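Contents: one structure, followed by commentary.
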Amino acid sequence: MSEPAETAEDTEPPETGGPEPSTLAEVVSGIGAKVRLMRTRKGHSLQQLANSADVSAAAIHKIERNGMVPTITTLMKLAAALNRPVSYFISEDEEGDKPAVHITPENRRSVFTSIPGLDLQNISGPYGRFFLAGAYAEAQGGSESGPGPTNHPGEELVYLLEGKLCFEFEGETVTLRPGESVHFRGDLSHRWHNPTSKPAKAVWLALRPI
């Protein structure tokens, strides 16, 4: 399916009550550069990304050159094809000009998760600049990743600080206690749960696929 013709929504940024106009313009103008960065990092041609995202190569070319502002639908398609959250393309990387990202307990940001009882606070730099993601995790007693196993690209490394966590890998169970860790490939079917009534706290790292 080809991309529809340009509309006012494609060519003009929406009016919002968010950032100041100058900041908004900077965010919008940065979308194209981020799309091109992720596309080239993955070694995709314009046509390869077009086929994967179901967006025309011509539209992607215009977006990368800042000749067109993508609709939210188009941006979601591109984000999915590039394995990045939509927030990556529109976030203001305040640390972008600094050689390193310094994160203190006071400026940790919450990380969205659909898993009940799991609280994640970001301890790593933004998507695009870094391939390693990290979070300070707190899993409430009885919480679990879900009723069934999951798998995904990349790797995970979990270091337990407090409590207990159990990880299941295709019939094998690994029980973590404070000071212990588990490192595994994401494409291995896995699930986890907290078998106790007390919270478990951990440093949770994930290698983002390139």
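In the structure tokens, chains take letters A, B, ... by order of appearance, with residues numbered from 1 within each chain and ligands from 1 in the order shown.
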Within region 10-166 of chain A, find each residue whose DSSP state, derived from the backbone, is helix (DSSP H, G or I), and express the selection as a PDB file with N, CA and C atoms, in the first residue's frame.
ATOM      1  N   ASP A  10       0.710  16.639   6.985  1.00  0.00           N
ATOM      2  CA  ASP A  10       2.040  16.155   6.643  1.00  0.00           C
ATOM      3  C   ASP A  10       3.059  17.278   6.596  1.00  0.00           C
ATOM      4  N   THR A  11       2.633  18.477   6.242  1.00  0.00           N
ATOM      5  CA  THR A  11       3.581  19.542   5.939  1.00  0.00           C
ATOM      6  C   THR A  11       3.714  20.586   7.029  1.00  0.00           C
ATOM      7  N   PRO A  21       7.692  27.621  20.574  1.00  0.00           N
ATOM      8  CA  PRO A  21       7.830  27.453  19.131  1.00  0.00           C
ATOM      9  C   PRO A  21       9.239  27.121  18.670  1.00  0.00           C
ATOM     10  N   SER A  22      10.264  27.809  19.237  1.00  0.00           N
ATOM     11  CA  SER A  22      11.629  27.546  18.802  1.00  0.00           C
ATOM     12  C   SER A  22      12.039  26.127  19.138  1.00  0.00           C
ATOM     13  N   THR A  23      11.667  25.665  20.335  1.00  0.00           N
ATOM     14  CA  THR A  23      11.994  24.308  20.748  1.00  0.00           C
ATOM     15  C   THR A  23      11.238  23.305  19.901  1.00  0.00           C
ATOM     16  N   LEU A  24       9.966  23.583  19.625  1.00  0.00           N
ATOM     17  CA  LEU A  24       9.151  22.699  18.795  1.00  0.00           C
ATOM     18  C   LEU A  24       9.763  22.558  17.416  1.00  0.00           C
ATOM     19  N   ALA A  25      10.222  23.665  16.847  1.00  0.00           N
ATOM     20  CA  ALA A  25      10.829  23.639  15.524  1.00  0.00           C
ATOM     21  C   ALA A  25      12.080  22.768  15.525  1.00  0.00           C
ATOM     22  N   GLU A  26      12.861  22.854  16.610  1.00  0.00           N
ATOM     23  CA  GLU A  26      14.076  22.046  16.706  1.00  0.00           C
ATOM     24  C   GLU A  26      13.738  20.568  16.794  1.00  0.00           C
ATOM     25  N   VAL A  27      12.707  20.237  17.570  1.00  0.00           N
ATOM     26  CA  VAL A  27      12.290  18.847  17.702  1.00  0.00           C
ATOM     27  C   VAL A  27      11.813  18.301  16.362  1.00  0.00           C
ATOM     28  N   VAL A  28      10.962  19.082  15.674  1.00  0.00           N
ATOM     29  CA  VAL A  28      10.424  18.656  14.381  1.00  0.00           C
ATOM     30  C   VAL A  28      11.538  18.500  13.353  1.00  0.00           C
ATOM     31  N   SER A  29      12.469  19.443  13.330  1.00  0.00           N
ATOM     32  CA  SER A  29      13.545  19.384  12.345  1.00  0.00           C
ATOM     33  C   SER A  29      14.499  18.228  12.618  1.00  0.00           C
ATOM     34  N   GLY A  30      14.487  17.710  13.836  1.00  0.00           N
ATOM     35  CA  GLY A  30      15.376  16.601  14.175  1.00  0.00           C
ATOM     36  C   GLY A  30      14.825  15.238  13.810  1.00  0.00           C
ATOM     37  N   ILE A  31      13.535  15.164  13.472  1.00  0.00           N
ATOM     38  CA  ILE A  31      12.920  13.866  13.156  1.00  0.00           C
ATOM     39  C   ILE A  31      13.593  13.224  11.953  1.00  0.00           C
ATOM     40  N   GLY A  32      13.767  13.991  10.884  1.00  0.00           N
ATOM     41  CA  GLY A  32      14.350  13.447   9.669  1.00  0.00           C
ATOM     42  C   GLY A  32      15.750  12.897   9.889  1.00  0.00           C
ATOM     43  N   ALA A  33      16.569  13.631  10.659  1.00  0.00           N
ATOM     44  CA  ALA A  33      17.936  13.193  10.923  1.00  0.00           C
ATOM     45  C   ALA A  33      17.946  11.872  11.696  1.00  0.00           C
ATOM     46  N   LYS A  34      16.998  11.727  12.628  1.00  0.00           N
ATOM     47  CA  LYS A  34      16.951  10.504  13.421  1.00  0.00           C
ATOM     48  C   LYS A  34      16.478   9.318  12.583  1.00  0.00           C
ATOM     49  N   VAL A  35      15.542   9.572  11.676  1.00  0.00           N
ATOM     50  CA  VAL A  35      15.092   8.505  10.779  1.00  0.00           C
ATOM     51  C   VAL A  35      16.257   8.034   9.922  1.00  0.00           C
ATOM     52  N   ARG A  36      16.987   8.972   9.351  1.00  0.00           N
ATOM     53  CA  ARG A  36      18.116   8.616   8.485  1.00  0.00           C
ATOM     54  C   ARG A  36      19.198   7.901   9.284  1.00  0.00           C
ATOM     55  N   LEU A  37      19.478   8.365  10.509  1.00  0.00           N
ATOM     56  CA  LEU A  37      20.499   7.733  11.352  1.00  0.00           C
ATOM     57  C   LEU A  37      20.164   6.275  11.611  1.00  0.00           C
ATOM     58  N   MET A  38      18.926   6.003  12.020  1.00  0.00           N
ATOM     59  CA  MET A  38      18.529   4.638  12.321  1.00  0.00           C
ATOM     60  C   MET A  38      18.490   3.773  11.062  1.00  0.00           C
ATOM     61  N   ARG A  39      18.060   4.373   9.950  1.00  0.00           N
ATOM     62  CA  ARG A  39      18.000   3.615   8.695  1.00  0.00           C
ATOM     63  C   ARG A  39      19.398   3.191   8.259  1.00  0.00           C
ATOM     64  N   THR A  40      20.350   4.120   8.288  1.00  0.00           N
ATOM     65  CA  THR A  40      21.707   3.805   7.842  1.00  0.00           C
ATOM     66  C   THR A  40      22.405   2.868   8.819  1.00  0.00           C
ATOM     67  N   ARG A  41      22.122   3.004  10.106  1.00  0.00           N
ATOM     68  CA  ARG A  41      22.725   2.094  11.085  1.00  0.00           C
ATOM     69  C   ARG A  41      22.295   0.653  10.842  1.00  0.00           C
ATOM     70  N   LEU A  46      16.482   3.263   1.187  1.00  0.00           N
ATOM     71  CA  LEU A  46      15.170   3.900   1.297  1.00  0.00           C
ATOM     72  C   LEU A  46      14.062   2.912   0.933  1.00  0.00           C
ATOM     73  N   GLN A  47      14.287   2.129  -0.123  1.00  0.00           N
ATOM     74  CA  GLN A  47      13.252   1.197  -0.562  1.00  0.00           C
ATOM     75  C   GLN A  47      13.060   0.059   0.435  1.00  0.00           C
ATOM     76  N   GLN A  48      14.136  -0.401   1.061  1.00  0.00           N
ATOM     77  CA  GLN A  48      14.013  -1.470   2.059  1.00  0.00           C
ATOM     78  C   GLN A  48      13.189  -0.992   3.255  1.00  0.00           C
ATOM     79  N   LEU A  49      13.465   0.226   3.713  1.00  0.00           N
ATOM     80  CA  LEU A  49      12.681   0.754   4.828  1.00  0.00           C
ATOM     81  C   LEU A  49      11.244   0.991   4.391  1.00  0.00           C
ATOM     82  N   ALA A  50      11.061   1.446   3.178  1.00  0.00           N
ATOM     83  CA  ALA A  50       9.709   1.679   2.651  1.00  0.00           C
ATOM     84  C   ALA A  50       8.904   0.385   2.655  1.00  0.00           C
ATOM     85  N   ASN A  51       9.528  -0.703   2.217  1.00  0.00           N
ATOM     86  CA  ASN A  51       8.832  -1.984   2.193  1.00  0.00           C
ATOM     87  C   ASN A  51       8.496  -2.468   3.603  1.00  0.00           C
ATOM     88  N   SER A  52       9.429  -2.269   4.524  1.00  0.00           N
ATOM     89  CA  SER A  52       9.232  -2.732   5.899  1.00  0.00           C
ATOM     90  C   SER A  52       8.176  -1.916   6.631  1.00  0.00           C
ATOM     91  N   ALA A  53       8.157  -0.598   6.390  1.00  0.00           N
ATOM     92  CA  ALA A  53       7.252   0.293   7.122  1.00  0.00           C
ATOM     93  C   ALA A  53       5.929   0.529   6.411  1.00  0.00           C
ATOM     94  N   ALA A  57       8.967   5.250  -0.464  1.00  0.00           N
ATOM     95  CA  ALA A  57      10.359   5.695  -0.405  1.00  0.00           C
ATOM     96  C   ALA A  57      10.449   7.203  -0.616  1.00  0.00           C
ATOM     97  N   ALA A  58       9.588   7.743  -1.461  1.00  0.00           N
ATOM     98  CA  ALA A  58       9.593   9.182  -1.721  1.00  0.00           C
ATOM     99  C   ALA A  58       9.247   9.970  -0.458  1.00  0.00           C
ATOM    100  N   ALA A  59       8.272   9.458   0.307  1.00  0.00           N
ATOM    101  CA  ALA A  59       7.885  10.137   1.541  1.00  0.00           C
ATOM    102  C   ALA A  59       9.012  10.088   2.557  1.00  0.00           C
ATOM    103  N   ILE A  60       9.674   8.938   2.673  1.00  0.00           N
ATOM    104  CA  ILE A  60      10.782   8.813   3.617  1.00  0.00           C
ATOM    105  C   ILE A  60      11.912   9.767   3.230  1.00  0.00           C
ATOM    106  N   HIS A  61      12.177   9.855   1.940  1.00  0.00           N
ATOM    107  CA  HIS A  61      13.223  10.763   1.455  1.00  0.00           C
ATOM    108  C   HIS A  61      12.902  12.207   1.840  1.00  0.00           C
ATOM    109  N   LYS A  62      11.650  12.608   1.672  1.00  0.00           N
ATOM    110  CA  LYS A  62      11.245  13.972   2.042  1.00  0.00           C
ATOM    111  C   LYS A  62      11.358  14.202   3.538  1.00  0.00           C
ATOM    112  N   ILE A  63      10.972  13.186   4.338  1.00  0.00           N
ATOM    113  CA  ILE A  63      11.060  13.304   5.799  1.00  0.00           C
ATOM    114  C   ILE A  63      12.515  13.477   6.225  1.00  0.00           C
ATOM    115  N   GLU A  64      13.409  12.672   5.655  1.00  0.00           N
ATOM    116  CA  GLU A  64      14.823  12.741   6.016  1.00  0.00           C
ATOM    117  C   GLU A  64      15.436  14.086   5.645  1.00  0.00           C
ATOM    118  N   ILE A  72       1.395  11.222  12.604  1.00  0.00           N
ATOM    119  CA  ILE A  72       1.665  10.302  13.704  1.00  0.00           C
ATOM    120  C   ILE A  72       1.584   8.856  13.219  1.00  0.00           C
ATOM    121  N   THR A  73       0.678   8.583  12.264  1.00  0.00           N
ATOM    122  CA  THR A  73       0.565   7.225  11.715  1.00  0.00           C
ATOM    123  C   THR A  73       1.841   6.828  10.991  1.00  0.00           C
ATOM    124  N   THR A  74       2.362   7.739  10.161  1.00  0.00           N
ATOM    125  CA  THR A  74       3.598   7.455   9.439  1.00  0.00           C
ATOM    126  C   THR A  74       4.758   7.282  10.402  1.00  0.00           C
ATOM    127  N   LEU A  75       4.824   8.123  11.428  1.00  0.00           N
ATOM    128  CA  LEU A  75       5.907   8.036  12.400  1.00  0.00           C
ATOM    129  C   LEU A  75       5.846   6.720  13.173  1.00  0.00           C
ATOM    130  N   MET A  76       4.648   6.265  13.496  1.00  0.00           N
ATOM    131  CA  MET A  76       4.496   4.993  14.192  1.00  0.00           C
ATOM    132  C   MET A  76       4.961   3.833  13.320  1.00  0.00           C
ATOM    133  N   LYS A  77       4.664   3.913  12.017  1.00  0.00           N
ATOM    134  CA  LYS A  77       5.103   2.863  11.089  1.00  0.00           C
ATOM    135  C   LYS A  77       6.626   2.831  10.996  1.00  0.00           C
ATOM    136  N   LEU A  78       7.237   4.008  10.881  1.00  0.00           N
ATOM    137  CA  LEU A  78       8.687   4.076  10.789  1.00  0.00           C
ATOM    138  C   LEU A  78       9.343   3.602  12.081  1.00  0.00           C
ATOM    139  N   ALA A  79       8.772   4.005  13.214  1.00  0.00           N
ATOM    140  CA  ALA A  79       9.326   3.594  14.508  1.00  0.00           C
ATOM    141  C   ALA A  79       9.290   2.077  14.654  1.00  0.00           C
ATOM    142  N   ALA A  80       8.181   1.465  14.264  1.00  0.00           N
ATOM    143  CA  ALA A  80       8.056   0.010  14.361  1.00  0.00           C
ATOM    144  C   ALA A  80       9.060  -0.684  13.451  1.00  0.00           C
ATOM    145  N   ALA A  81       9.222  -0.178  12.233  1.00  0.00           N
ATOM    146  CA  ALA A  81      10.146  -0.787  11.277  1.00  0.00           C
ATOM    147  C   ALA A  81      11.598  -0.641  11.717  1.00  0.00           C
ATOM    148  N   VAL A  86       8.297   5.654  19.402  1.00  0.00           N
ATOM    149  CA  VAL A  86       7.998   6.940  18.768  1.00  0.00           C
ATOM    150  C   VAL A  86       8.671   8.075  19.525  1.00  0.00           C
ATOM    151  N   SER A  87       8.774   7.926  20.848  1.00  0.00           N
ATOM    152  CA  SER A  87       9.374   8.983  21.675  1.00  0.00           C
ATOM    153  C   SER A  87      10.813   9.282  21.271  1.00  0.00           C
ATOM    154  N   TYR A  88      11.517   8.301  20.710  1.00  0.00           N
ATOM    155  CA  TYR A  88      12.899   8.530  20.285  1.00  0.00           C
ATOM    156  C   TYR A  88      12.979   9.643  19.245  1.00  0.00           C
ATOM    157  N   PHE A  89      11.990   9.682  18.339  1.00  0.00           N
ATOM    158  CA  PHE A  89      12.040  10.637  17.234  1.00  0.00           C
ATOM    159  C   PHE A  89      11.613  12.047  17.628  1.00  0.00           C
ATOM    160  N   ILE A  90      10.897  12.182  18.748  1.00  0.00           N
ATOM    161  CA  ILE A  90      10.390  13.509  19.114  1.00  0.00           C
ATOM    162  C   ILE A  90      10.912  13.999  20.454  1.00  0.00           C
ATOM    163  N   PRO A 105      19.697   9.980  41.055  1.00  0.00           N
ATOM    164  CA  PRO A 105      18.400   9.469  41.509  1.00  0.00           C
ATOM    165  C   PRO A 105      17.273  10.482  41.362  1.00  0.00           C
ATOM    166  N   GLU A 106      17.622  11.778  41.461  1.00  0.00           N
ATOM    167  CA  GLU A 106      16.605  12.821  41.380  1.00  0.00           C
ATOM    168  C   GLU A 106      16.073  13.032  39.963  1.00  0.00           C
ATOM    169  N   ASN A 107      16.885  12.736  38.940  1.00  0.00           N
ATOM    170  CA  ASN A 107      16.410  13.002  37.581  1.00  0.00           C
ATOM    171  C   ASN A 107      16.145  11.734  36.770  1.00  0.00           C
TER     172      ASN A 107
END
Counting only C-alpha atoms, what is within 12 Å of Leu157 (chain A), bar same-chain residues fewer than 5 positions away, as an NGL selection string? :A and (132-135 or 167 or 176 or 180-186 or 202-208)
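Relative to CA of Asn194 (chain A), CA of Arg84 (chain A) is found at 28.6 Å.
Among the candidates A:His44, A:Leu82, A:Ser56, A:Phe131, the residue lying nearest to Gly154 (chain A) is A:Phe131 (atoms considered: only C-alpha atoms).
Rounded to one decimal, CA of Gly148 (chain A) and CA of Ser189 (chain A) lie 9.3 Å from each other.
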If DSSP is run on the backbone, what residues of chain A are strand (DSSP E)? A reply as an MDAnalysis selection string would be ideal. chainID A and resid 110:111 118:122 132:139 155:162 165:169 172:176 181:185 190:193 200:207
Tell me, as a CSV table (one decimal) with C-alpha atoms, in the first residue's frame, which residues lie within 9 Å of Ala137 (chain A), counting only C-alpha atoms; anything in the same chain fewer than 3 positions away does not count.
chain,number,residue,atom,x,y,z
A,118,LEU,CA,6.7,-3.5,38.0
A,119,ASP,CA,8.2,0.0,38.4
A,120,LEU,CA,11.1,1.0,36.2
A,121,GLN,CA,13.2,4.1,36.5
A,122,ASN,CA,15.6,4.8,33.6
A,200,ALA,CA,12.4,-7.3,44.7
A,201,LYS,CA,14.8,-4.6,43.6
A,202,ALA,CA,17.3,-5.0,40.7
A,203,VAL,CA,19.4,-3.3,38.1
A,204,TRP,CA,18.0,-4.4,34.8
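For the residues A:Glu162, A:Val69, A:Ser145, A:Phe169, ranking by smallest atom-to-atom distance to Thr113 (chain A) using only C-alpha atoms places A:Ser145 first.
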